[in-house]
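These notes are about the structure you will find just below.
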There are 2 protein chains.
Amino acid sequence: MSLRHALLGVLSMREMSGYDIKRHFDRAVHFVWNASDSQIYRELRQMERGELIVSRVVPQEGKPNKRLYQLTDAGVTELDHWLASPVERPYSKEPFLLRLFFLSRVSYEDARKLLEARLGEVESLLDVAAERLQIFSDPTRSGRPEALWWQTRLIEGMRRVQSAEGAWLRELIRDLDTSQRNEAGEPGARGEGGQGS
Amino acid sequence: MSLRHALLGVLSMREMSGYDIKRHFDRAVHFVWNASDSQIYRELRQMERGELIVSRVVPQEGKPNKRLYQLTDAGVTELDHWLASPVERPYSKEPFLLRLFFLSRVSYEDARKLLEARLGEVESLLDVAAERLQIFSDPTRSGRPEALWWQTRLIEGMRRVQSAEGAWLRELIRDLDTSQRNEAGEPGARGEGGQGS
DNA sequence: CGAGACATGTAACCTGTTACATGATTCC
DNA sequence: GGAATCATGTAACAGGTTACATGTCTCG
């Protein structure tokens with residue numbers, strides 16, 4: 001139930017509405033967790049029923065009223081308890097790797113396209129990381145320096161992991177090309193009996 | 001709906017029962033996808049209703065009867081269509097990274113424990129990778145060589161990504177220790193209140 | 001005698017996605 | 001005039017988890 005903990009986490013920084021949280025998720029938390037707005041609103045109501053958070057309605061003019069949430073003591077306790085609890089084992093749901101597993105079924109061209117597309121995703125995540133580091137290095141930036149320290153290290157870790165994946169993908173594409181060219185090859189293409197699509 | 005595609009993939013290798021699939025998942029596919037047995041059985045029934053697979057019951061003595069599934073033409077088409085379709089964007093649900101995001105809330109000891117535990121997970125995944133490569137290098141091993149080529153590259157990719165994460169974690173632990181020792185530090189521990197810049 | 005492999009499933013529940021509804025204000 | 005922002009939600013469905021039920025055989 002990690003969405004709950006993500007919400008407790010962002011609310012520990014400041015009082016926020018569902019809408020604020022959604023925006024904050026999309027900007028800052030996005031590559032570690034994401035959620036749709038309806039999921040966030042539903043979870044907030046459930047958490048309020050469970051007394052981890054309380055809300056107050058703030059009337060506004062010209063805009064819809066908003067409902068601001070903040071943590072209760074029980075919420076703070078729950079957050080800190082989660083942070084100190086044993087790690088979950090890593091998610092093993094990787095649609096891309098699952099495809100690789102069966103990629104010998106498809107043609108050289110389709111395989112190559114898939115690898116290139118993934119490389120594109122990886123590179124765009126690297127751009128996001130660079131951009132985040134830029135934001136963090138802004139000296140006028142507010143916020144607790146310890147939080148910044150951890151978030152910077154987190155981005156750094158992501159950068160290194162994505163770099164490793166990128167390097168691997170580039171090698172893989174290169175090897176696929178060479179073994180395709182001299183046909184001596186291992187690689188996947190079904191080739192002989194091919195039905196088209 | 002990637003469980004469906006994972007099931008189509010393993011059934012493309014050979015006819016299997018739900019139980020066979022579960023075992024195969026746990027052994028070979030586990031770090032790219034996993035599923036509970038009840039989920040597998042449910043999805044198989046739905047796929048049979050959708051005519052992607054067909055089953056036949058094989059009576060057995062001393063053991064429960066079993067139901068073997070194989071792909072229909074529609075199932076093969078669906079599998080190949082998925083393999084050639086655009087990549088999903090990477091899953092952004094990483095409970096560990098989510099914790100890091102808020103880790104400035106916890107004490108040095110708790111933070112360190114968490115990082116060590118994650119390092120343990122990463123190292124055990126590296127062991128799994130090594131073991132898989134061992135199995136693949138068995139010359140008596142059966143199976144299509146193109147499938148083996150892709151699966152070997154997949155494991156290699158996983159190895160490199162996990163290595164990168166391991167290296168990052170070790171540095172992070174080291175830096176946490178040093179800045180804890182000379183107290184000059186940034187790192188997270190809430191503890192005593194204001195140390196500053 | 002008990003544990004574990006074999007084999008398939010139901011029921012209840014929780015989590016996540018998609019589509020839809022509402023309605024004022026601001027910017028192009 | 002139309003899109004985007006602000007703001008909160010409902011309803012229906014799909015995907016995933018957990019607990020439970022059943023029964024035989026084999027191994028130690």
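Simple scheme: letters A, B, ... for chains in structure tokens order, numbers from 1 for residues in each chain, numbers from 1 for ligands in the order shown.
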Distance query A:Asp177 at most 10 Å, only C-alpha atoms (C1' of nucleotides), self and fewer than 4 positions along chain excluded, as a PyMOL selection string: chain A and resi 108-109+112+171-173+181-183+187
query = Quick one: which residues from chain D are at most 9 Å off chain A, using only C-alpha atoms (C1' of nucleotides), as number ranges by chain?
reply = D: 6-9
Superposition output for chain A against chain B, all Cα paired in order, as a PDB file with C-alpha atoms, in the first residue's frame:
```pdb
ATOM      1  CA  MET A   1      -2.095  -6.018 -19.683  1.00  0.00           C
ATOM      2  CA  SER A   2       1.293  -7.682 -19.656  1.00  0.00           C
ATOM      3  CA  LEU A   3       0.465 -10.716 -17.564  1.00  0.00           C
ATOM      4  CA  ARG A   4      -1.619 -11.878 -20.506  1.00  0.00           C
ATOM      5  CA  HIS A   5       1.359 -11.510 -22.828  1.00  0.00           C
ATOM      6  CA  ALA A   6       3.673 -13.258 -20.401  1.00  0.00           C
ATOM      7  CA  LEU A   7       1.271 -16.199 -20.361  1.00  0.00           C
ATOM      8  CA  LEU A   8       0.982 -16.257 -24.136  1.00  0.00           C
ATOM      9  CA  GLY A   9       4.776 -16.221 -24.251  1.00  0.00           C
ATOM     10  CA  VAL A  10       5.329 -19.204 -21.997  1.00  0.00           C
ATOM     11  CA  LEU A  11       2.531 -21.160 -23.673  1.00  0.00           C
ATOM     12  CA  SER A  12       4.211 -20.536 -27.023  1.00  0.00           C
ATOM     13  CA  MET A  13       7.069 -22.697 -25.780  1.00  0.00           C
ATOM     14  CA  ARG A  14       4.890 -25.657 -24.857  1.00  0.00           C
ATOM     15  CA  GLU A  15       1.508 -26.764 -23.618  1.00  0.00           C
ATOM     16  CA  MET A  16       1.269 -26.178 -19.886  1.00  0.00           C
ATOM     17  CA  SER A  17      -1.096 -26.238 -16.935  1.00  0.00           C
ATOM     18  CA  GLY A  18      -1.611 -23.269 -14.628  1.00  0.00           C
ATOM     19  CA  TYR A  19       0.558 -25.023 -12.103  1.00  0.00           C
ATOM     20  CA  ASP A  20       3.356 -25.593 -14.635  1.00  0.00           C
ATOM     21  CA  ILE A  21       3.215 -21.936 -15.580  1.00  0.00           C
ATOM     22  CA  LYS A  22       3.440 -20.817 -11.991  1.00  0.00           C
ATOM     23  CA  ARG A  23       6.533 -22.950 -11.459  1.00  0.00           C
ATOM     24  CA  HIS A  24       8.099 -21.751 -14.670  1.00  0.00           C
ATOM     25  CA  PHE A  25       7.399 -18.145 -13.691  1.00  0.00           C
ATOM     26  CA  ASP A  26       9.022 -18.579 -10.334  1.00  0.00           C
ATOM     27  CA  ARG A  27      12.121 -20.167 -11.768  1.00  0.00           C
ATOM     28  CA  ALA A  28      12.788 -18.477 -15.075  1.00  0.00           C
ATOM     29  CA  VAL A  29      10.651 -15.413 -15.615  1.00  0.00           C
ATOM     30  CA  HIS A  30      10.645 -14.165 -12.054  1.00  0.00           C
ATOM     31  CA  PHE A  31      12.851 -11.082 -12.346  1.00  0.00           C
ATOM     32  CA  VAL A  32      11.002  -9.783 -15.407  1.00  0.00           C
ATOM     33  CA  TRP A  33       7.478 -10.558 -14.278  1.00  0.00           C
ATOM     34  CA  ASN A  34       5.699 -12.296 -11.463  1.00  0.00           C
ATOM     35  CA  ALA A  35       2.187 -13.255 -10.563  1.00  0.00           C
ATOM     36  CA  SER A  36       0.362 -15.130  -7.860  1.00  0.00           C
ATOM     37  CA  ASP A  37      -1.239 -18.459  -8.644  1.00  0.00           C
ATOM     38  CA  SER A  38      -4.780 -17.156  -8.267  1.00  0.00           C
ATOM     39  CA  GLN A  39      -4.040 -14.387 -10.721  1.00  0.00           C
ATOM     40  CA  ILE A  40      -2.667 -16.871 -13.233  1.00  0.00           C
ATOM     41  CA  TYR A  41      -5.687 -19.179 -12.986  1.00  0.00           C
ATOM     42  CA  ARG A  42      -8.085 -16.273 -13.361  1.00  0.00           C
ATOM     43  CA  GLU A  43      -6.276 -14.853 -16.352  1.00  0.00           C
ATOM     44  CA  LEU A  44      -6.122 -18.261 -18.039  1.00  0.00           C
ATOM     45  CA  ARG A  45      -9.889 -18.632 -17.770  1.00  0.00           C
ATOM     46  CA  GLN A  46     -10.417 -15.160 -19.187  1.00  0.00           C
ATOM     47  CA  MET A  47      -8.072 -15.897 -22.057  1.00  0.00           C
ATOM     48  CA  GLU A  48      -9.893 -19.102 -22.809  1.00  0.00           C
ATOM     49  CA  ARG A  49     -13.192 -17.201 -22.892  1.00  0.00           C
ATOM     50  CA  GLY A  50     -11.498 -14.800 -25.322  1.00  0.00           C
ATOM     51  CA  GLU A  51     -10.349 -17.781 -27.426  1.00  0.00           C
ATOM     52  CA  LEU A  52      -6.655 -16.964 -27.251  1.00  0.00           C
ATOM     53  CA  ILE A  53      -6.033 -20.374 -25.700  1.00  0.00           C
ATOM     54  CA  VAL A  54      -7.818 -23.705 -25.430  1.00  0.00           C
ATOM     55  CA  SER A  55      -7.599 -26.280 -22.682  1.00  0.00           C
ATOM     56  CA  ARG A  56      -8.035 -29.985 -22.272  1.00  0.00           C
ATOM     57  CA  VAL A  57      -8.349 -31.856 -19.013  1.00  0.00           C
ATOM     58  CA  VAL A  58      -5.892 -34.650 -18.371  1.00  0.00           C
ATOM     59  CA  PRO A  59      -7.056 -37.169 -15.763  1.00  0.00           C
ATOM     60  CA  GLN A  60      -4.379 -38.389 -13.423  1.00  0.00           C
ATOM     61  CA  GLU A  61      -4.187 -41.026 -10.756  1.00  0.00           C
ATOM     62  CA  GLY A  62      -3.054 -40.258  -7.267  1.00  0.00           C
ATOM     63  CA  LYS A  63      -2.835 -36.596  -8.207  1.00  0.00           C
ATOM     64  CA  PRO A  64      -5.506 -34.039  -9.047  1.00  0.00           C
ATOM     65  CA  ASN A  65      -6.480 -33.856 -12.693  1.00  0.00           C
ATOM     66  CA  LYS A  66      -4.859 -31.102 -14.612  1.00  0.00           C
ATOM     67  CA  ARG A  67      -5.953 -28.709 -17.307  1.00  0.00           C
ATOM     68  CA  LEU A  68      -3.419 -28.158 -20.062  1.00  0.00           C
ATOM     69  CA  TYR A  69      -3.576 -24.991 -22.121  1.00  0.00           C
ATOM     70  CA  GLN A  70      -2.252 -24.264 -25.571  1.00  0.00           C
ATOM     71  CA  LEU A  71      -2.352 -21.282 -27.887  1.00  0.00           C
ATOM     72  CA  THR A  72      -4.931 -20.894 -30.617  1.00  0.00           C
ATOM     73  CA  ASP A  73      -4.071 -19.151 -33.865  1.00  0.00           C
ATOM     74  CA  ALA A  74      -5.589 -16.002 -32.437  1.00  0.00           C
ATOM     75  CA  GLY A  75      -3.296 -16.367 -29.418  1.00  0.00           C
ATOM     76  CA  VAL A  76      -0.184 -16.674 -31.571  1.00  0.00           C
ATOM     77  CA  THR A  77      -1.270 -13.632 -33.562  1.00  0.00           C
ATOM     78  CA  GLU A  78      -1.845 -11.626 -30.405  1.00  0.00           C
ATOM     79  CA  LEU A  79       1.577 -12.585 -29.023  1.00  0.00           C
ATOM     80  CA  ASP A  80       3.424 -11.642 -32.183  1.00  0.00           C
ATOM     81  CA  HIS A  81       1.454  -8.450 -32.496  1.00  0.00           C
ATOM     82  CA  TRP A  82       2.421  -7.422 -28.983  1.00  0.00           C
ATOM     83  CA  LEU A  83       6.076  -8.244 -29.555  1.00  0.00           C
ATOM     84  CA  ALA A  84       6.182  -5.957 -32.578  1.00  0.00           C
ATOM     85  CA  SER A  85       4.155  -3.124 -31.016  1.00  0.00           C
ATOM     86  CA  PRO A  86       5.655   0.100 -29.611  1.00  0.00           C
ATOM     87  CA  VAL A  87       7.396  -0.178 -26.231  1.00  0.00           C
ATOM     88  CA  GLU A  88       5.584   0.841 -23.095  1.00  0.00           C
ATOM     89  CA  ARG A  89       7.305   3.625 -21.289  1.00  0.00           C
ATOM     90  CA  PRO A  90       9.328   2.391 -18.327  1.00  0.00           C
ATOM     91  CA  TYR A  91       7.439   1.729 -15.119  1.00  0.00           C
ATOM     92  CA  SER A  92       7.968   4.577 -12.753  1.00  0.00           C
ATOM     93  CA  LYS A  93       7.114   2.860  -9.516  1.00  0.00           C
ATOM     94  CA  GLU A  94      10.211   2.426  -7.456  1.00  0.00           C
ATOM     95  CA  PRO A  95       9.459   2.181  -3.743  1.00  0.00           C
ATOM     96  CA  PHE A  96      13.121   2.335  -2.853  1.00  0.00           C
ATOM     97  CA  LEU A  97      13.841   5.509  -4.819  1.00  0.00           C
ATOM     98  CA  LEU A  98      10.684   7.044  -3.393  1.00  0.00           C
ATOM     99  CA  ARG A  99      12.130   6.579   0.081  1.00  0.00           C
ATOM    100  CA  LEU A 100      15.423   8.139  -0.924  1.00  0.00           C
ATOM    101  CA  PHE A 101      13.479  11.169  -1.991  1.00  0.00           C
ATOM    102  CA  PHE A 102      12.399  11.799   1.593  1.00  0.00           C
ATOM    103  CA  LEU A 103      15.293  10.182   3.392  1.00  0.00           C
ATOM    104  CA  SER A 104      16.537  13.445   4.875  1.00  0.00           C
ATOM    105  CA  ARG A 105      13.835  12.950   7.499  1.00  0.00           C
ATOM    106  CA  VAL A 106      15.468   9.943   9.134  1.00  0.00           C
ATOM    107  CA  SER A 107      18.552   9.456  11.278  1.00  0.00           C
ATOM    108  CA  TYR A 108      21.968   8.519   9.922  1.00  0.00           C
ATOM    109  CA  GLU A 109      21.566   5.029  11.327  1.00  0.00           C
ATOM    110  CA  ASP A 110      18.182   4.408   9.713  1.00  0.00           C
ATOM    111  CA  ALA A 111      19.347   5.790   6.395  1.00  0.00           C
ATOM    112  CA  ARG A 112      22.418   3.611   6.432  1.00  0.00           C
ATOM    113  CA  LYS A 113      20.376   0.540   7.296  1.00  0.00           C
ATOM    114  CA  LEU A 114      18.097   1.198   4.341  1.00  0.00           C
ATOM    115  CA  LEU A 115      20.951   1.570   1.877  1.00  0.00           C
ATOM    116  CA  GLU A 116      22.644  -1.581   3.155  1.00  0.00           C
ATOM    117  CA  ALA A 117      19.410  -3.515   2.809  1.00  0.00           C
ATOM    118  CA  ARG A 118      18.981  -2.363  -0.766  1.00  0.00           C
ATOM    119  CA  LEU A 119      22.559  -3.277  -1.532  1.00  0.00           C
ATOM    120  CA  GLY A 120      21.770  -6.727  -0.195  1.00  0.00           C
ATOM    121  CA  GLU A 121      18.814  -7.029  -2.589  1.00  0.00           C
ATOM    122  CA  VAL A 122      20.943  -5.905  -5.504  1.00  0.00           C
ATOM    123  CA  GLU A 123      23.646  -8.414  -4.677  1.00  0.00           C
ATOM    124  CA  SER A 124      21.173 -11.216  -4.411  1.00  0.00           C
ATOM    125  CA  LEU A 125      19.833 -10.336  -7.861  1.00  0.00           C
ATOM    126  CA  LEU A 126      23.394 -10.489  -9.152  1.00  0.00           C
ATOM    127  CA  ASP A 127      23.682 -13.977  -7.690  1.00  0.00           C
ATOM    128  CA  VAL A 128      20.503 -14.997  -9.442  1.00  0.00           C
ATOM    129  CA  ALA A 129      21.925 -13.669 -12.693  1.00  0.00           C
ATOM    130  CA  ALA A 130      25.153 -15.615 -12.254  1.00  0.00           C
ATOM    131  CA  GLU A 131      23.230 -18.768 -11.514  1.00  0.00           C
ATOM    132  CA  ARG A 132      21.022 -18.333 -14.595  1.00  0.00           C
ATOM    133  CA  LEU A 133      24.086 -17.854 -16.802  1.00  0.00           C
ATOM    134  CA  GLN A 134      25.432 -21.075 -15.356  1.00  0.00           C
ATOM    135  CA  ILE A 135      22.272 -22.915 -16.309  1.00  0.00           C
ATOM    136  CA  PHE A 136      22.333 -21.463 -19.813  1.00  0.00           C
ATOM    137  CA  SER A 137      25.892 -22.592 -20.388  1.00  0.00           C
ATOM    138  CA  ASP A 138      24.963 -26.225 -19.778  1.00  0.00           C
ATOM    139  CA  PRO A 139      25.647 -27.877 -23.147  1.00  0.00           C
ATOM    140  CA  THR A 140      23.058 -30.615 -22.596  1.00  0.00           C
ATOM    141  CA  ARG A 141      20.394 -27.982 -22.248  1.00  0.00           C
ATOM    142  CA  SER A 142      17.495 -28.280 -24.639  1.00  0.00           C
ATOM    143  CA  GLY A 143      15.605 -25.476 -26.319  1.00  0.00           C
ATOM    144  CA  ARG A 144      15.879 -23.313 -29.367  1.00  0.00           C
ATOM    145  CA  PRO A 145      19.298 -21.585 -29.633  1.00  0.00           C
ATOM    146  CA  GLU A 146      17.781 -18.243 -30.691  1.00  0.00           C
ATOM    147  CA  ALA A 147      15.668 -18.129 -27.551  1.00  0.00           C
ATOM    148  CA  LEU A 148      18.778 -18.893 -25.545  1.00  0.00           C
ATOM    149  CA  TRP A 149      20.691 -16.105 -27.266  1.00  0.00           C
ATOM    150  CA  TRP A 150      18.120 -13.491 -26.257  1.00  0.00           C
ATOM    151  CA  GLN A 151      17.733 -14.787 -22.750  1.00  0.00           C
ATOM    152  CA  THR A 152      21.469 -14.723 -22.211  1.00  0.00           C
ATOM    153  CA  ARG A 153      21.654 -11.136 -23.405  1.00  0.00           C
ATOM    154  CA  LEU A 154      18.769 -10.245 -21.146  1.00  0.00           C
ATOM    155  CA  ILE A 155      20.558 -11.624 -18.094  1.00  0.00           C
ATOM    156  CA  GLU A 156      23.717  -9.828 -19.154  1.00  0.00           C
ATOM    157  CA  GLY A 157      21.803  -6.551 -19.295  1.00  0.00           C
ATOM    158  CA  MET A 158      20.321  -7.121 -15.906  1.00  0.00           C
ATOM    159  CA  ARG A 159      23.756  -7.902 -14.525  1.00  0.00           C
ATOM    160  CA  ARG A 160      25.180  -4.645 -15.814  1.00  0.00           C
ATOM    161  CA  VAL A 161      22.313  -2.521 -14.583  1.00  0.00           C
ATOM    162  CA  GLN A 162      22.423  -4.099 -11.138  1.00  0.00           C
ATOM    163  CA  SER A 163      26.196  -3.698 -10.992  1.00  0.00           C
ATOM    164  CA  ALA A 164      25.844  -0.008 -11.697  1.00  0.00           C
ATOM    165  CA  GLU A 165      23.301   0.345  -8.939  1.00  0.00           C
ATOM    166  CA  GLY A 166      25.496  -1.580  -6.544  1.00  0.00           C
ATOM    167  CA  ALA A 167      28.490   0.637  -7.233  1.00  0.00           C
ATOM    168  CA  TRP A 168      26.405   3.752  -6.709  1.00  0.00           C
ATOM    169  CA  LEU A 169      25.020   2.429  -3.416  1.00  0.00           C
ATOM    170  CA  ARG A 170      28.499   1.610  -2.125  1.00  0.00           C
ATOM    171  CA  GLU A 171      29.698   5.130  -2.890  1.00  0.00           C
ATOM    172  CA  LEU A 172      26.633   6.601  -1.303  1.00  0.00           C
ATOM    173  CA  ILE A 173      27.143   4.617   1.896  1.00  0.00           C
ATOM    174  CA  ARG A 174      30.810   5.621   1.990  1.00  0.00           C
ATOM    175  CA  ASP A 175      29.989   9.313   1.541  1.00  0.00           C
ATOM    176  CA  LEU A 176      27.290   9.122   4.148  1.00  0.00           C
ATOM    177  CA  ASP A 177      29.799   7.654   6.591  1.00  0.00           C
ATOM    178  CA  THR A 178      32.475  10.271   5.951  1.00  0.00           C
ATOM    179  CA  SER A 179      30.164  13.256   6.198  1.00  0.00           C
ATOM    180  CA  GLN A 180      28.720  11.740   9.337  1.00  0.00           C
ATOM    181  CA  ARG A 181      32.175  11.343  10.881  1.00  0.00           C
ATOM    182  CA  ASN A 182      33.439  14.855  10.369  1.00  0.00           C
ATOM    183  CA  GLU A 183      30.012  16.347  10.895  1.00  0.00           C
ATOM    184  CA  ALA A 184      30.753  19.044   8.320  1.00  0.00           C
ATOM    185  CA  GLY A 185      27.932  17.544   6.615  1.00  0.00           C
ATOM    186  CA  GLU A 186      25.200  17.661   4.212  1.00  0.00           C
ATOM    187  CA  PRO A 187      23.555  14.435   4.906  1.00  0.00           C
ATOM    188  CA  GLY A 188      20.128  13.970   6.078  1.00  0.00           C
ATOM    189  CA  ALA A 189      19.725  13.227   9.739  1.00  0.00           C
ATOM    190  CA  ARG A 190      17.127  15.364  11.361  1.00  0.00           C
ATOM    191  CA  GLY A 191      19.221  15.534  14.478  1.00  0.00           C
ATOM    192  CA  GLU A 192      18.190  18.636  16.341  1.00  0.00           C
ATOM    193  CA  GLY A 193      14.609  18.236  17.476  1.00  0.00           C
ATOM    194  CA  GLY A 194      14.423  14.487  17.262  1.00  0.00           C
ATOM    195  CA  GLN A 195      11.432  12.645  18.498  1.00  0.00           C
ATOM    196  CA  GLY A 196      12.111   8.991  19.029  1.00  0.00           C
ATOM    197  CA  SER A 197       9.980   6.214  17.752  1.00  0.00           C
TER     198      SER A 197
END
```
Inset, instruction - Would you kindly report the residues of chain C within 9 Å of chain A, using only C-alpha atoms (C1' of nucleotides), as a count of residues only? - result: 7
Practice item. Using DSSP on the backbone, list every residue of stretch 5-191 of chain A that comes out as strand (DSSP E or B), and give them as a PyMOL selection string. Key: chain A and resi 16-17+53-58+66-71
Go ahead and write the selection's residues with N, CA, C and O atoms as an mmCIF file, in the first residue's frame.
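Output file selection06.cif is given in full below:
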```cif
data_model
loop_
_atom_site.group_PDB
_atom_site.id
_atom_site.type_symbol
_atom_site.label_atom_id
_atom_site.label_comp_id
_atom_site.auth_asym_id
_atom_site.auth_seq_id
_atom_site.Cartn_x
_atom_site.Cartn_y
_atom_site.Cartn_z
ATOM 1 N N MET A 16 -1.676 20.249 2.073
ATOM 2 C CA MET A 16 -1.966 20.335 0.636
ATOM 3 C C MET A 16 -3.363 19.823 0.323
ATOM 4 O O MET A 16 -3.924 19.010 1.051
ATOM 5 N N SER A 17 -3.879 20.278 -0.818
ATOM 6 C CA SER A 17 -5.133 19.730 -1.340
ATOM 7 C C SER A 17 -4.810 18.565 -2.264
ATOM 8 O O SER A 17 -3.661 18.357 -2.653
ATOM 9 N N ILE A 53 -5.146 11.493 8.514
ATOM 10 C CA ILE A 53 -5.118 12.894 8.086
ATOM 11 C C ILE A 53 -6.450 13.554 8.458
ATOM 12 O O ILE A 53 -7.440 12.862 8.689
ATOM 13 N N VAL A 54 -6.421 14.876 8.544
ATOM 14 C CA VAL A 54 -7.666 15.633 8.688
ATOM 15 C C VAL A 54 -7.719 16.710 7.620
ATOM 16 O O VAL A 54 -6.682 17.150 7.129
ATOM 17 N N SER A 55 -8.928 17.130 7.287
ATOM 18 C CA SER A 55 -9.058 18.137 6.234
ATOM 19 C C SER A 55 -9.852 19.330 6.743
ATOM 20 O O SER A 55 -10.615 19.231 7.697
ATOM 21 N N ARG A 56 -9.648 20.442 6.075
ATOM 22 C CA ARG A 56 -10.527 21.590 6.283
ATOM 23 C C ARG A 56 -10.809 22.189 4.912
ATOM 24 O O ARG A 56 -9.943 22.186 4.034
ATOM 25 N N VAL A 57 -12.008 22.713 4.760
ATOM 26 C CA VAL A 57 -12.400 23.268 3.472
ATOM 27 C C VAL A 57 -12.081 24.746 3.451
ATOM 28 O O VAL A 57 -12.412 25.461 4.395
ATOM 29 N N VAL A 58 -11.426 25.190 2.411
ATOM 30 C CA VAL A 58 -11.100 26.601 2.266
ATOM 31 C C VAL A 58 -11.918 27.188 1.127
ATOM 32 O O VAL A 58 -11.721 26.819 -0.025
ATOM 33 N N LYS A 66 -11.465 24.536 -1.962
ATOM 34 C CA LYS A 66 -10.561 23.399 -1.886
ATOM 35 C C LYS A 66 -10.491 22.831 -0.486
ATOM 36 O O LYS A 66 -10.834 23.487 0.497
ATOM 37 N N ARG A 67 -10.068 21.567 -0.428
ATOM 38 C CA ARG A 67 -10.024 20.839 0.824
ATOM 39 C C ARG A 67 -8.561 20.539 1.131
ATOM 40 O O ARG A 67 -7.912 19.772 0.415
ATOM 41 N N LEU A 68 -8.057 21.197 2.180
ATOM 42 C CA LEU A 68 -6.647 21.013 2.522
ATOM 43 C C LEU A 68 -6.492 19.920 3.577
ATOM 44 O O LEU A 68 -7.237 19.873 4.553
ATOM 45 N N TYR A 69 -5.524 19.061 3.344
ATOM 46 C CA TYR A 69 -5.285 17.945 4.262
ATOM 47 C C TYR A 69 -3.993 18.160 5.025
ATOM 48 O O TYR A 69 -3.016 18.673 4.487
ATOM 49 N N GLN A 70 -3.990 17.729 6.286
ATOM 50 C CA GLN A 70 -2.721 17.640 7.004
ATOM 51 C C GLN A 70 -2.673 16.383 7.854
ATOM 52 O O GLN A 70 -3.699 15.776 8.154
ATOM 53 N N LEU A 71 -1.456 16.000 8.220
ATOM 54 C CA LEU A 71 -1.266 14.769 8.981
ATOM 55 C C LEU A 71 -1.782 14.913 10.404
ATOM 56 O O LEU A 71 -1.680 15.976 11.005
#
```
Which residues come within 12 Å of C:DA12, counting only C-alpha atoms (C1' of nucleotides), excluding same-chain residues fewer than 2 positions away, as a compact mmCIF listing (two decimals) with C-alpha atoms (C1' of nucleotides), in the first residue's frame?
```
# COMPACT_ATOMS: atom_id res chain seq x y z
C1' DT C 10 -13.47 -19.80 -5.16
C1' DC C 14 -7.50 -3.93 -2.35
C1' DT D 17 -3.23 -10.17 -3.39
C1' DT D 18 -4.52 -13.21 0.40
C1' DA D 19 -6.83 -16.69 2.54
C1' DC D 20 -9.11 -20.81 2.15
```
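Relative to atom C1' of C:DC20, atom C1' of D:DG16 is found at 25.5 Å.
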task = Could you check how far atom C1' of C:DG2 sits from atom C1' of D:DG23, in Å to one decimal?
result =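 Rounded to one decimal, the two atoms are 15.7 Å apart.
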Checklist entry - Using the chain letters and numbers from this document, which residues of stretch 23-151 of chain A does DSSP assign to helix (DSSP H, G or I), as JSON, numbers by chain? => result {"A": [23, 24, 25, 26, 27, 28, 29, 37, 38, 39, 40, 41, 42, 43, 44, 45, 46, 47, 48, 49, 73, 74, 75, 76, 77, 78, 79, 80, 81, 82, 83, 95, 96, 97, 98, 99, 100, 101, 103, 104, 105, 108, 109, 110, 111, 112, 113, 114, 115, 116, 117, 118, 119, 120, 121, 122, 123, 124, 125, 126, 127, 128, 129, 130, 131, 132, 133, 134, 135, 136, 145, 146, 147, 148, 149, 150, 151]}
Point-to-point distance from atom C1' of C:DC6 to atom C1' of D:DG28, Å rounded to tenths: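 Distance between the two atoms: 18.3 Å.
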Practice item. Compile the contact shell of C:DA19 as a PyMOL selection string: residues with an atom at most 12 Å away, counting only C-alpha atoms (C1' of nucleotides), same-chain residues fewer than 2 positions apart removed. Key: (chain A and resi 38) or (chain C and resi 17+21) or (chain D and resi 10-13)
Atoms to include: N, CA and C atoms (P, O5', C5', C4', C3', O3' and C1' of nucleotides). Write the selected residues as a compact mmCIF listing (two decimals), in the first residue's frame.
```
# COMPACT_ATOMS: atom_id res chain seq x y z
N SER A 38 -8.04 10.54 -9.66
CA SER A 38 -9.15 9.88 -8.96
C SER A 38 -8.64 8.94 -7.88
P DT C 17 -2.38 3.01 -12.66
O5' DT C 17 -3.73 2.86 -13.49
C5' DT C 17 -3.91 1.68 -14.29
C4' DT C 17 -5.11 1.85 -15.19
C3' DT C 17 -5.13 3.15 -15.98
O3' DT C 17 -5.38 2.78 -17.33
C1' DT C 17 -7.18 2.87 -14.81
P DA C 21 -21.03 12.73 -19.17
O5' DA C 21 -20.85 13.47 -17.77
C5' DA C 21 -21.46 12.95 -16.59
C4' DA C 21 -21.37 14.02 -15.53
C3' DA C 21 -21.58 15.42 -16.09
O3' DA C 21 -22.61 16.07 -15.35
C1' DA C 21 -19.57 15.33 -14.82
P DT D 10 -17.47 10.72 -4.47
O5' DT D 10 -18.22 10.28 -5.81
C5' DT D 10 -19.36 10.96 -6.28
C4' DT D 10 -19.84 10.27 -7.53
C3' DT D 10 -20.02 8.76 -7.37
O3' DT D 10 -21.25 8.40 -8.00
C1' DT D 10 -18.51 9.20 -9.14
P DA D 11 -21.85 6.94 -7.76
O5' DA D 11 -21.34 6.17 -9.04
C5' DA D 11 -21.46 6.77 -10.33
C4' DA D 11 -21.04 5.77 -11.37
C3' DA D 11 -21.18 4.30 -10.95
O3' DA D 11 -21.78 3.61 -12.03
C1' DA D 11 -18.93 4.76 -11.57
P DA D 12 -22.15 2.07 -11.93
O5' DA D 12 -21.02 1.43 -12.87
C5' DA D 12 -20.70 2.08 -14.10
C4' DA D 12 -19.49 1.42 -14.71
C3' DA D 12 -19.43 -0.09 -14.47
O3' DA D 12 -19.08 -0.70 -15.69
C1' DA D 12 -17.42 0.91 -13.76
P DC D 13 -19.11 -2.30 -15.86
O5' DC D 13 -17.57 -2.64 -15.99
C5' DC D 13 -16.77 -1.87 -16.90
C4' DC D 13 -15.33 -2.00 -16.52
C3' DC D 13 -14.85 -3.45 -16.40
O3' DC D 13 -13.86 -3.64 -17.38
C1' DC D 13 -14.01 -2.07 -14.67
```
